[in-house]
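Student: Dropping a structure here in structure tokens format, bear with me for questions.
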Amino acid sequence: MKPIFIQEVHLNQEVTNILIENQHIAGIGSHLPMPADAIKIVGRQMAAFPTVANMHTHAAMTLLKGLGSDQTLQQWLNESIWPAEKNLDDEAVYWGTKLACLEMIKCGTTLFNDMYFRLPSSAKAVAEMGLRSVLGFNVFGDGDELTDESFLRLREEVEGEGPLVQLSIAPHSVYTVSEKGLRHCAEMSQKYGTLYHIHMCETETEVRECQQQYGCRPYSLLQRLGVLEMTEGRFVGAHSLFLDPEEIALMGSRHVTVVHNPASNLKLGSGSQFLYTELCKAGVNVTLGTDGSASSNNLDMIEAARLMSYLQKGVRQDPTVLPAAELLSVATANGFSALGIDAGKIEVGKLADLMLVDLDNIAFVPDNDTLSGLFYAAHADAVDTVICNGRILMQHHHVDGEEEIVAQARQHARKLRPLP
Ligand SMILES: [Zn+2]
């Protein structure tokens, strides 16, 4: 792969050059020479930022977005989502995942942590699009479908698609997976060193029903089952919205990563009180996600970051909470580090995952503070160029093959819609 030389780009309020070689950031400096064989990107009127990590989504569900809007959760599942999902086949998952990857690249995302089914089709789509993904083997009930044989076979298929795709173990939630299943997934996660990705404490109902059934709250249940111990450092709890202080202390001591999905939580009416300050104080790694497009309706991480920030400031009536520099870490480095990927910062030696935003976009005029512009003013259309693992995925807003992806996704989505 040829080196990439980004010339005269704004980085941390200074104008400099960035050299990318062998998938890594090889040099940063205003006097850096350009290698003769490098691909040159003119950085003038552009600012460089690390790309973002969407830490909880269901990519292929983008084909279902807009179905059953404004319904209650049960009605939405029974009448809109589950009937449509019955019609999903490998082709639909493949094109749905491609459409999701396209949307994610357009808003500066180069890593997503996914949970769905028909994973070989998703893996193929992700590998072709060139971004990074951890795809979760979705487990329900006792998890009998997760055996050494089925896991190893699937891992070969998924990870065989390319070096940027990984398989994880993803029990759906404490209300759809039994105690036996939750423990079995943790044992397998420990045995194979994978991530354990699960929906946690998304609604008050979920917490109440867990207390009725097991006599304790969801995180305490996982502690009792030994799950948090077996998955220490590899546990990702999506949502984690309804927590008590005891659980938060427990989560910190077990190095849990949580994913806040503000758009999904607000649109589904789950709640708005994400305990950011308390979780950080306890040592929990806080990251950001969109959730699937069926519930959040887009995969726009710039919008998710803004929603998170405004919710924290508004609900706590304190504008100093979660300043933009901290928000940048939540959306970037915290996600990459949770998945063991050395990216999320623009520094020499890091993997080359970065984006260029267009300073001529009105959101950045007059550019009094570029980071504030990114999170408090800009939309995804300000992202001009996206690089992942030293490869250009988008330049001047264009991704190779995007016209075909849009056409195919439209066609496959039409077949999924339940008949009226
Ligand atoms: Zn979800």
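Each chain of the structure tokens is named A, B, ... in the order shown, its residues numbered from 1; ligands are numbered from 1 in display order.
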Each residue of chain A lying at most 7 Å from ligand 1 should get a row with its shortest atom-to-atom pair and the distance in Å to one decimal, counting only C-alpha atoms and all ligand atoms; could you produce that, ordered by chain and increasing number, as a tab-separated table?
Tutor:
```
residue	atom	partner	partner_atom_place_in_ligand_line	distance
A:His56	CA	ligand 1	1 (Zn)	6.4
A:Thr57	CA	ligand 1	1 (Zn)	5.8
A:His58	CA	ligand 1	1 (Zn)	6.5
A:His199	CA	ligand 1	1 (Zn)	6.3
A:Ala238	CA	ligand 1	1 (Zn)	6.9
A:Asp291	CA	ligand 1	1 (Zn)	4.9
A:Gly292	CA	ligand 1	1 (Zn)	6.0
```
Student: Would you kindly return, as number ranges by chain, each protein, DNA or RNA residue with an atom no farther than 7 Å from any atom of segment 36-43 of chain A, considering only C-alpha atoms and excluding same-chain residues fewer than 3 positions away?
Tutor: A: 2-9, 46
Student: Please list as a PyMOL selection string every residue within 8 Å of segment 24-35 of chain A, counting only C-alpha atoms and excluding residues in the same chain fewer than 2 positions away.
Tutor: chain A and resi 3+5+8+15-22+37-38+346-352+389-390
Student: Within segment 44-263 of chain A, find each residue whose DSSP state, derived from the backbone, is strand (DSSP E or B), and express the selection as a VMD selection string.
Tutor: chain A and resid 46 to 50 52 to 57 109 to 116 132 to 139 141 165 to 171 173 177 196 to 200 235 to 239 257 to 260
Student: Rounded to one decimal, what separation in Å do you get between atom CA of His239 of chain A and atom CA of Ile302 of chain A?
Tutor: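 Distance reported for this atom pair: 17.9 Å.
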Student: For atom CA of Tyr94 of chain A and atom CA of Thr147 of chain A, quote the distance in Å rounded to one decimal.
Tutor: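 These two atoms are separated by 24.8 Å.
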Student: Grab the atom CA of Ala48 of chain A to atom CA of His10 of chain A distance for me, in Å with one decimal place.
Tutor: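 Computing it gives 6.1 Å between the two atoms.
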Student: Counting only C-alpha atoms, which residue out of A:Leu225, A:Val315, A:Ala324, A:Leu275 sits closest to Pro245 of chain A?
Tutor: A:Leu275
Student: If we count only C-alpha atoms and set the cut-off at 12 Å, which residues sit around Cys216 of chain A, ignoring sequence neighbours fewer than 6 positions away in its own chain? Please answer as a PyMOL selection string.
Tutor: chain A and resi 174+206-210+222-225+243-244+246-247
Student: Please produce an output containing N, CA and C atoms for each residue in the selection, written as an mmCIF file, in the first residue's frame.
Tutor:
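Done, and the output landed in part-v2.cif:
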```
data_model
loop_
_atom_site.group_PDB
_atom_site.id
_atom_site.type_symbol
_atom_site.label_atom_id
_atom_site.label_comp_id
_atom_site.auth_asym_id
_atom_site.auth_seq_id
_atom_site.Cartn_x
_atom_site.Cartn_y
_atom_site.Cartn_z
ATOM 1 N N VAL A 174 -30.351 -9.992 29.729
ATOM 2 C CA VAL A 174 -30.691 -10.877 30.865
ATOM 3 C C VAL A 174 -32.153 -11.319 30.802
ATOM 4 N N GLU A 206 -37.098 -3.695 32.513
ATOM 5 C CA GLU A 206 -36.106 -4.781 32.510
ATOM 6 C C GLU A 206 -35.511 -4.977 33.913
ATOM 7 N N VAL A 207 -35.167 -3.882 34.573
ATOM 8 C CA VAL A 207 -34.558 -3.964 35.908
ATOM 9 C C VAL A 207 -35.567 -4.522 36.910
ATOM 10 N N ARG A 208 -36.818 -4.033 36.828
ATOM 11 C CA ARG A 208 -37.857 -4.479 37.768
ATOM 12 C C ARG A 208 -38.116 -5.986 37.602
ATOM 13 N N GLU A 209 -38.221 -6.425 36.355
ATOM 14 C CA GLU A 209 -38.496 -7.851 36.122
ATOM 15 C C GLU A 209 -37.333 -8.733 36.557
ATOM 16 N N CYS A 210 -36.118 -8.232 36.412
ATOM 17 C CA CYS A 210 -34.935 -8.982 36.865
ATOM 18 C C CYS A 210 -34.988 -9.133 38.386
ATOM 19 N N LEU A 222 -25.203 -10.783 37.041
ATOM 20 C CA LEU A 222 -24.016 -11.243 36.295
ATOM 21 C C LEU A 222 -22.822 -11.465 37.233
ATOM 22 N N GLN A 223 -22.743 -10.658 38.284
ATOM 23 C CA GLN A 223 -21.678 -10.847 39.272
ATOM 24 C C GLN A 223 -21.879 -12.185 39.990
ATOM 25 N N ARG A 224 -23.140 -12.453 40.383
ATOM 26 C CA ARG A 224 -23.462 -13.687 41.098
ATOM 27 C C ARG A 224 -23.152 -14.927 40.242
ATOM 28 N N LEU A 225 -23.375 -14.791 38.939
ATOM 29 C CA LEU A 225 -23.144 -15.923 38.031
ATOM 30 C C LEU A 225 -21.660 -16.071 37.668
ATOM 31 N N LEU A 243 -29.139 2.292 36.778
ATOM 32 C CA LEU A 243 -28.133 1.664 37.640
ATOM 33 C C LEU A 243 -28.232 2.233 39.042
ATOM 34 N N ASP A 244 -27.870 1.434 40.044
ATOM 35 C CA ASP A 244 -27.777 1.996 41.394
ATOM 36 C C ASP A 244 -26.292 2.081 41.792
ATOM 37 N N GLU A 246 -24.419 0.803 44.001
ATOM 38 C CA GLU A 246 -23.717 -0.462 44.268
ATOM 39 C C GLU A 246 -23.258 -1.124 42.962
ATOM 40 N N GLU A 247 -24.176 -1.119 41.977
ATOM 41 C CA GLU A 247 -23.832 -1.698 40.670
ATOM 42 C C GLU A 247 -22.695 -0.921 40.007
#
```
Student: Given only C-alpha atoms as the basis, pick out the residue of A:Ser337, A:Val134, A:Ala304, A:Met355 nearest to Phe375 of chain A.
Tutor: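 Closest residue, counting only C-alpha atoms: A:Ala304.
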Student: Within 9 Å of Val177 of chain A, counting only C-alpha atoms, which residues show up once you throw out same-chain ones fewer than 6 positions away? Write them as an NGL selection string, please.
Tutor: :A and (139-143 or 171)
Student: Emit the selected residues as a compact mmCIF listing (two decimals), in the first residue's frame, including all heavy atoms.
Tutor:
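Printed below is part-v6.txt as written:
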```txt
# COMPACT_ATOMS: atom_id res chain seq x y z
N VAL A 139 -26.88 -14.77 21.00
CA VAL A 139 -27.32 -15.96 21.74
C VAL A 139 -28.61 -15.64 22.50
O VAL A 139 -28.75 -14.56 23.09
CB VAL A 139 -26.20 -16.41 22.72
CG1 VAL A 139 -26.71 -17.48 23.67
CG2 VAL A 139 -25.00 -16.91 21.94
N PHE A 140 -29.55 -16.58 22.48
CA PHE A 140 -30.81 -16.47 23.24
C PHE A 140 -30.99 -17.75 24.07
O PHE A 140 -30.37 -18.77 23.77
CB PHE A 140 -32.01 -16.31 22.29
CG PHE A 140 -32.01 -15.00 21.54
CD1 PHE A 140 -31.32 -14.87 20.33
CD2 PHE A 140 -32.69 -13.90 22.03
CE1 PHE A 140 -31.31 -13.66 19.64
CE2 PHE A 140 -32.68 -12.68 21.35
CZ PHE A 140 -31.99 -12.57 20.15
N GLY A 141 -31.85 -17.70 25.08
CA GLY A 141 -32.19 -18.90 25.87
C GLY A 141 -30.99 -19.49 26.58
O GLY A 141 -30.18 -18.77 27.18
N ASP A 142 -30.84 -20.81 26.47
CA ASP A 142 -29.72 -21.49 27.14
C ASP A 142 -28.43 -21.43 26.32
O ASP A 142 -27.38 -21.89 26.77
CB ASP A 142 -30.07 -22.96 27.39
CG ASP A 142 -31.14 -23.11 28.49
OD1 ASP A 142 -31.34 -22.14 29.25
OD2 ASP A 142 -31.76 -24.19 28.56
N GLY A 143 -28.52 -20.91 25.11
CA GLY A 143 -27.31 -20.77 24.29
C GLY A 143 -26.79 -22.09 23.76
O GLY A 143 -25.59 -22.24 23.51
N PRO A 171 -24.60 -12.53 24.04
CA PRO A 171 -25.90 -12.90 24.60
C PRO A 171 -26.80 -11.67 24.54
O PRO A 171 -26.34 -10.57 24.86
CB PRO A 171 -25.55 -13.28 26.05
CG PRO A 171 -24.23 -12.62 26.33
CD PRO A 171 -23.52 -12.51 25.03
```
Student: Rank A:Asn78, A:Asn298, A:Gln71, A:Gln273 by their smallest atom-to-atom distance to Cys107 of chain A, using only C-alpha atoms, and report the top residue only.
Tutor: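 The closest residue to Cys107 of chain A is A:Asn298.
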Student: Write out as an MDAnalysis selection string all residues of segment 52-237 of chain A that DSSP puts in helix (DSSP H, G or I) for this structure's backbone.
Tutor: chainID A and resid 59:64 73:86 90:106 119:129 148:159 179:192 204:214 218:224 227:230
Student: Take the residues just selected and output them with C-alpha atoms as a CSV table (one decimal), in the first residue's frame.
Tutor:
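File written: selection_12.csv
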```
chain,number,residue,atom,x,y,z
A,59,ALA,CA,-25.9,-2.7,11.2
A,60,ALA,CA,-28.2,-4.7,8.8
A,61,MET,CA,-31.3,-3.4,10.6
A,62,THR,CA,-30.8,-0.1,8.6
A,63,LEU,CA,-33.1,-1.8,6.0
A,64,LEU,CA,-35.9,-1.6,8.6
A,73,LEU,CA,-41.8,-1.2,22.1
A,74,GLN,CA,-44.0,-4.4,22.1
A,75,GLN,CA,-46.2,-3.2,19.2
A,76,TRP,CA,-43.1,-2.1,17.3
A,77,LEU,CA,-41.5,-5.6,17.7
A,78,ASN,CA,-44.6,-7.6,17.1
A,79,GLU,CA,-46.2,-5.7,14.3
A,80,SER,CA,-43.2,-4.1,12.5
A,81,ILE,CA,-39.7,-5.6,13.2
A,82,TRP,CA,-40.2,-9.3,13.8
A,83,PRO,CA,-42.5,-9.9,10.7
A,84,ALA,CA,-40.0,-8.0,8.6
A,85,GLU,CA,-37.0,-9.9,10.0
A,86,LYS,CA,-38.6,-13.2,9.1
A,90,ASP,CA,-28.2,-13.6,3.4
A,91,GLU,CA,-28.4,-11.1,0.5
A,92,ALA,CA,-30.5,-8.6,2.5
A,93,VAL,CA,-28.1,-8.8,5.4
A,94,TYR,CA,-25.2,-8.3,3.1
A,95,TRP,CA,-26.6,-5.2,1.3
A,96,GLY,CA,-28.1,-3.9,4.6
A,97,THR,CA,-24.7,-4.1,6.2
A,98,LYS,CA,-23.1,-2.4,3.2
A,99,LEU,CA,-25.6,0.4,3.4
A,100,ALA,CA,-24.9,0.8,7.2
A,101,CYS,CA,-21.1,0.8,6.5
A,102,LEU,CA,-21.6,3.5,3.8
A,103,GLU,CA,-23.6,5.7,6.3
A,104,MET,CA,-21.0,5.1,9.0
A,105,ILE,CA,-18.1,6.0,6.8
A,106,LYS,CA,-19.9,9.2,5.7
A,119,LEU,CA,-22.7,-13.0,10.3
A,120,PRO,CA,-20.8,-14.4,7.4
A,121,SER,CA,-22.8,-12.1,5.1
A,122,SER,CA,-22.1,-9.1,7.4
A,123,ALA,CA,-18.4,-10.0,7.6
A,124,LYS,CA,-18.1,-10.1,3.8
A,125,ALA,CA,-19.8,-6.7,3.5
A,126,VAL,CA,-17.6,-5.1,6.2
A,127,ALA,CA,-14.4,-6.5,4.6
A,128,GLU,CA,-15.3,-5.1,1.2
A,129,MET,CA,-16.1,-1.7,2.7
A,148,ASP,CA,-17.0,-25.1,20.4
A,149,GLU,CA,-17.7,-26.5,16.9
A,150,SER,CA,-20.2,-23.8,15.9
A,151,PHE,CA,-18.1,-21.0,17.4
A,152,LEU,CA,-14.9,-22.1,15.6
A,153,ARG,CA,-16.7,-22.7,12.3
A,154,LEU,CA,-18.2,-19.2,12.5
A,155,ARG,CA,-15.0,-17.6,13.6
A,156,GLU,CA,-13.2,-19.1,10.6
A,157,GLU,CA,-15.9,-17.8,8.2
A,158,VAL,CA,-16.1,-14.3,9.8
A,159,GLU,CA,-12.4,-13.6,10.5
A,179,GLU,CA,-28.8,-17.9,33.8
A,180,LYS,CA,-27.3,-21.0,32.2
A,181,GLY,CA,-27.0,-19.2,28.8
A,182,LEU,CA,-25.4,-16.1,30.4
A,183,ARG,CA,-22.8,-18.2,32.2
A,184,HIS,CA,-22.1,-20.4,29.2
A,185,CYS,CA,-21.4,-17.4,27.0
A,186,ALA,CA,-19.0,-16.1,29.6
A,187,GLU,CA,-17.1,-19.4,29.7
A,188,MET,CA,-16.8,-19.4,26.0
A,189,SER,CA,-15.8,-15.7,25.9
A,190,GLN,CA,-13.0,-16.6,28.5
A,191,LYS,CA,-11.9,-19.7,26.6
A,192,TYR,CA,-11.6,-17.9,23.3
A,204,GLU,CA,-36.9,0.4,34.1
A,205,THR,CA,-39.1,-2.6,33.2
A,206,GLU,CA,-36.1,-4.8,32.5
A,207,VAL,CA,-34.6,-4.0,35.9
A,208,ARG,CA,-37.9,-4.5,37.8
A,209,GLU,CA,-38.5,-7.9,36.1
A,210,CYS,CA,-34.9,-9.0,36.9
A,211,GLN,CA,-35.5,-8.1,40.5
A,212,GLN,CA,-38.8,-10.0,40.6
A,213,GLN,CA,-37.3,-13.1,38.9
A,214,TYR,CA,-33.8,-13.2,40.4
A,218,PRO,CA,-29.0,-7.1,36.2
A,219,TYR,CA,-25.3,-6.3,36.9
A,220,SER,CA,-25.6,-8.0,40.4
A,221,LEU,CA,-27.0,-11.1,38.6
A,222,LEU,CA,-24.0,-11.2,36.3
A,223,GLN,CA,-21.7,-10.8,39.3
A,224,ARG,CA,-23.5,-13.7,41.1
A,227,VAL,CA,-19.9,-13.5,34.4
A,228,LEU,CA,-18.2,-10.2,35.3
A,229,GLU,CA,-15.2,-12.0,36.7
A,230,MET,CA,-14.8,-14.3,33.6
```
Student: Between A:Ile341, A:Leu279, A:Val236, A:Ala380, which one has atoms that come closest to Val258 of chain A, using only C-alpha atoms?
Tutor: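 Using only C-alpha atoms, Val258 of chain A sits closest to A:Val236.
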Student: Quick one: residues within 12 Å of Pro323 of chain A, only C-alpha atoms, excluding same-chain residues fewer than 4 positions away - as a tab-separated table (two decimals) with all heavy atoms, in the first residue's frame?
Tutor:
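What ended up in out-v6.tsv:
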```
chain	number	residue	atom	x	y	z
A	277	THR	N	-21.16	11.00	34.84
A	277	THR	CA	-20.19	11.44	35.86
A	277	THR	C	-19.92	10.33	36.87
A	277	THR	O	-18.77	10.05	37.21
A	277	THR	CB	-20.75	12.69	36.59
A	277	THR	OG1	-21.19	13.61	35.60
A	277	THR	CG2	-19.72	13.34	37.45
A	305	ALA	N	-23.04	12.08	19.54
A	305	ALA	CA	-22.15	12.79	20.48
A	305	ALA	C	-22.83	14.07	20.96
A	305	ALA	O	-22.80	14.40	22.15
A	305	ALA	CB	-20.82	13.10	19.80
A	306	ARG	N	-23.45	14.78	20.03
A	306	ARG	CA	-24.11	16.04	20.42
A	306	ARG	C	-25.27	15.76	21.38
A	306	ARG	O	-25.43	16.43	22.39
A	306	ARG	CB	-24.61	16.78	19.18
A	306	ARG	CG	-25.27	18.12	19.52
A	306	ARG	CD	-25.57	18.92	18.26
A	306	ARG	NE	-24.38	19.01	17.47
A	306	ARG	CZ	-24.35	19.06	16.14
A	306	ARG	NH1	-25.47	19.03	15.44
A	306	ARG	NH2	-23.21	19.13	15.49
A	308	MET	N	-25.61	13.24	23.40
A	308	MET	CA	-25.07	12.84	24.70
A	308	MET	C	-24.65	14.07	25.49
A	308	MET	O	-25.00	14.22	26.67
A	308	MET	CB	-23.86	11.92	24.51
A	308	MET	CG	-23.21	11.53	25.82
A	308	MET	SD	-21.78	10.46	25.59
A	308	MET	CE	-21.44	10.03	27.30
A	309	SER	N	-23.92	14.95	24.84
A	309	SER	CA	-23.42	16.15	25.52
A	309	SER	C	-24.58	17.02	26.01
A	309	SER	O	-24.61	17.44	27.17
A	309	SER	CB	-22.55	16.92	24.53
A	309	SER	OG	-22.37	18.23	24.96
A	310	TYR	N	-25.55	17.26	25.15
A	310	TYR	CA	-26.66	18.14	25.53
A	310	TYR	C	-27.52	17.53	26.64
A	310	TYR	O	-28.02	18.23	27.51
A	310	TYR	CB	-27.52	18.47	24.30
A	310	TYR	CG	-26.86	19.41	23.31
A	310	TYR	CD1	-25.57	19.90	23.51
A	310	TYR	CD2	-27.52	19.81	22.15
A	310	TYR	CE1	-24.96	20.75	22.61
A	310	TYR	CE2	-26.92	20.67	21.24
A	310	TYR	CZ	-25.64	21.14	21.47
A	310	TYR	OH	-25.04	21.98	20.57
A	312	GLN	N	-26.43	15.48	29.02
A	312	GLN	CA	-25.69	15.61	30.28
A	312	GLN	C	-25.80	17.03	30.83
A	312	GLN	O	-26.05	17.24	32.01
A	312	GLN	CB	-24.21	15.24	30.09
A	312	GLN	CG	-23.97	13.76	29.84
A	312	GLN	CD	-24.53	12.88	30.94
A	312	GLN	OE1	-24.33	13.12	32.13
A	312	GLN	NE2	-25.27	11.85	30.57
A	313	LYS	N	-25.60	18.00	29.95
A	313	LYS	CA	-25.64	19.40	30.39
A	313	LYS	C	-27.05	19.81	30.84
A	313	LYS	O	-27.23	20.47	31.86
A	313	LYS	CB	-25.16	20.32	29.26
A	313	LYS	CG	-23.68	20.14	28.91
A	313	LYS	CD	-23.30	20.92	27.66
A	313	LYS	CE	-21.94	20.57	27.11
A	313	LYS	NZ	-20.80	20.71	28.02
A	318	ASP	N	-26.01	21.81	34.15
A	318	ASP	CA	-24.62	22.22	34.35
A	318	ASP	C	-23.88	22.17	33.01
A	318	ASP	O	-23.55	21.08	32.53
A	318	ASP	CB	-23.98	21.25	35.37
A	318	ASP	CG	-22.52	21.60	35.63
A	318	ASP	OD1	-21.99	22.55	35.00
A	318	ASP	OD2	-21.91	20.91	36.46
A	319	PRO	N	-23.57	23.32	32.40
A	319	PRO	CA	-22.93	23.31	31.08
A	319	PRO	C	-21.47	22.88	31.11
A	319	PRO	O	-20.86	22.65	30.05
A	319	PRO	CB	-23.04	24.77	30.62
A	319	PRO	CG	-23.11	25.56	31.89
A	319	PRO	CD	-23.83	24.70	32.88
A	327	LEU	N	-15.66	14.57	25.35
A	327	LEU	CA	-16.61	13.94	24.43
A	327	LEU	C	-15.86	13.27	23.27
A	327	LEU	O	-16.24	12.19	22.82
A	327	LEU	CB	-17.57	15.03	23.90
A	327	LEU	CG	-18.74	14.58	23.03
A	327	LEU	CD1	-19.65	13.61	23.76
A	327	LEU	CD2	-19.54	15.80	22.57
A	328	LEU	N	-14.79	13.93	22.81
A	328	LEU	CA	-13.98	13.35	21.73
A	328	LEU	C	-13.41	12.00	22.17
A	328	LEU	O	-13.46	11.03	21.41
A	328	LEU	CB	-12.85	14.32	21.34
A	328	LEU	CG	-11.94	13.86	20.21
A	328	LEU	CD1	-12.70	13.79	18.88
A	328	LEU	CD2	-10.73	14.78	20.06
A	329	SER	N	-12.90	11.91	23.40
A	329	SER	CA	-12.36	10.63	23.88
A	329	SER	C	-13.46	9.57	23.98
A	329	SER	O	-13.24	8.41	23.63
A	329	SER	CB	-11.74	10.80	25.27
A	329	SER	OG	-10.63	11.64	25.18
A	330	VAL	N	-14.63	9.97	24.48
A	330	VAL	CA	-15.75	9.02	24.61
A	330	VAL	C	-16.10	8.45	23.23
A	330	VAL	O	-16.32	7.25	23.08
A	330	VAL	CB	-16.99	9.72	25.23
A	330	VAL	CG1	-18.24	8.86	25.09
A	330	VAL	CG2	-16.73	10.05	26.70
A	371	LEU	N	-12.95	22.08	17.50
A	371	LEU	CA	-13.55	20.94	18.18
A	371	LEU	C	-15.00	21.25	18.57
A	371	LEU	O	-15.90	20.41	18.41
A	371	LEU	CB	-12.73	20.58	19.42
A	371	LEU	CG	-13.16	19.33	20.17
A	371	LEU	CD1	-13.16	18.11	19.26
A	371	LEU	CD2	-12.25	19.09	21.38
A	372	SER	N	-15.23	22.47	19.02
A	372	SER	CA	-16.59	22.90	19.33
A	372	SER	C	-17.43	22.85	18.05
A	372	SER	O	-18.60	22.44	18.06
A	372	SER	CB	-16.54	24.31	19.92
A	372	SER	OG	-17.76	24.95	19.78
A	375	PHE	N	-18.56	19.13	17.26
A	375	PHE	CA	-19.60	18.51	18.07
A	375	PHE	C	-20.85	19.37	18.27
A	375	PHE	O	-21.93	18.85	18.50
A	375	PHE	CB	-19.05	18.10	19.44
A	375	PHE	CG	-18.17	16.89	19.36
A	375	PHE	CD1	-16.93	16.87	19.98
A	375	PHE	CD2	-18.57	15.77	18.65
A	375	PHE	CE1	-16.12	15.76	19.91
A	375	PHE	CE2	-17.76	14.64	18.56
A	375	PHE	CZ	-16.53	14.64	19.20
A	376	TYR	N	-20.71	20.69	18.21
A	376	TYR	CA	-21.86	21.54	18.53
A	376	TYR	C	-22.46	22.23	17.31
A	376	TYR	O	-23.48	22.89	17.43
A	376	TYR	CB	-21.47	22.59	19.59
A	376	TYR	CG	-20.90	22.02	20.87
A	376	TYR	CD1	-19.93	22.71	21.59
A	376	TYR	CD2	-21.32	20.78	21.36
A	376	TYR	CE1	-19.39	22.18	22.77
A	376	TYR	CE2	-20.79	20.25	22.53
A	376	TYR	CZ	-19.83	20.95	23.22
A	376	TYR	OH	-19.30	20.44	24.39
```
Student: Excluding same-chain residues fewer than 2 positions from His396 of chain A, what lies within 6 Å of it counting only C-alpha atoms, as a list of chain:residue names?
Tutor: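 Counting only the stated atoms, we get A:Asp384, A:Thr385, A:His398.
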Student: Restricting the output to C-alpha atoms, write the selected residues as a PDB file, in the first residue's frame.
Tutor:
```pdb
ATOM      1  CA  ASP A 384     -14.782  15.089   3.563  1.00  0.00           C
ATOM      2  CA  THR A 385     -12.252  12.253   3.830  1.00  0.00           C
ATOM      3  CA  HIS A 398     -17.445   9.849  -2.290  1.00  0.00           C
TER       4      HIS A 398
END
```
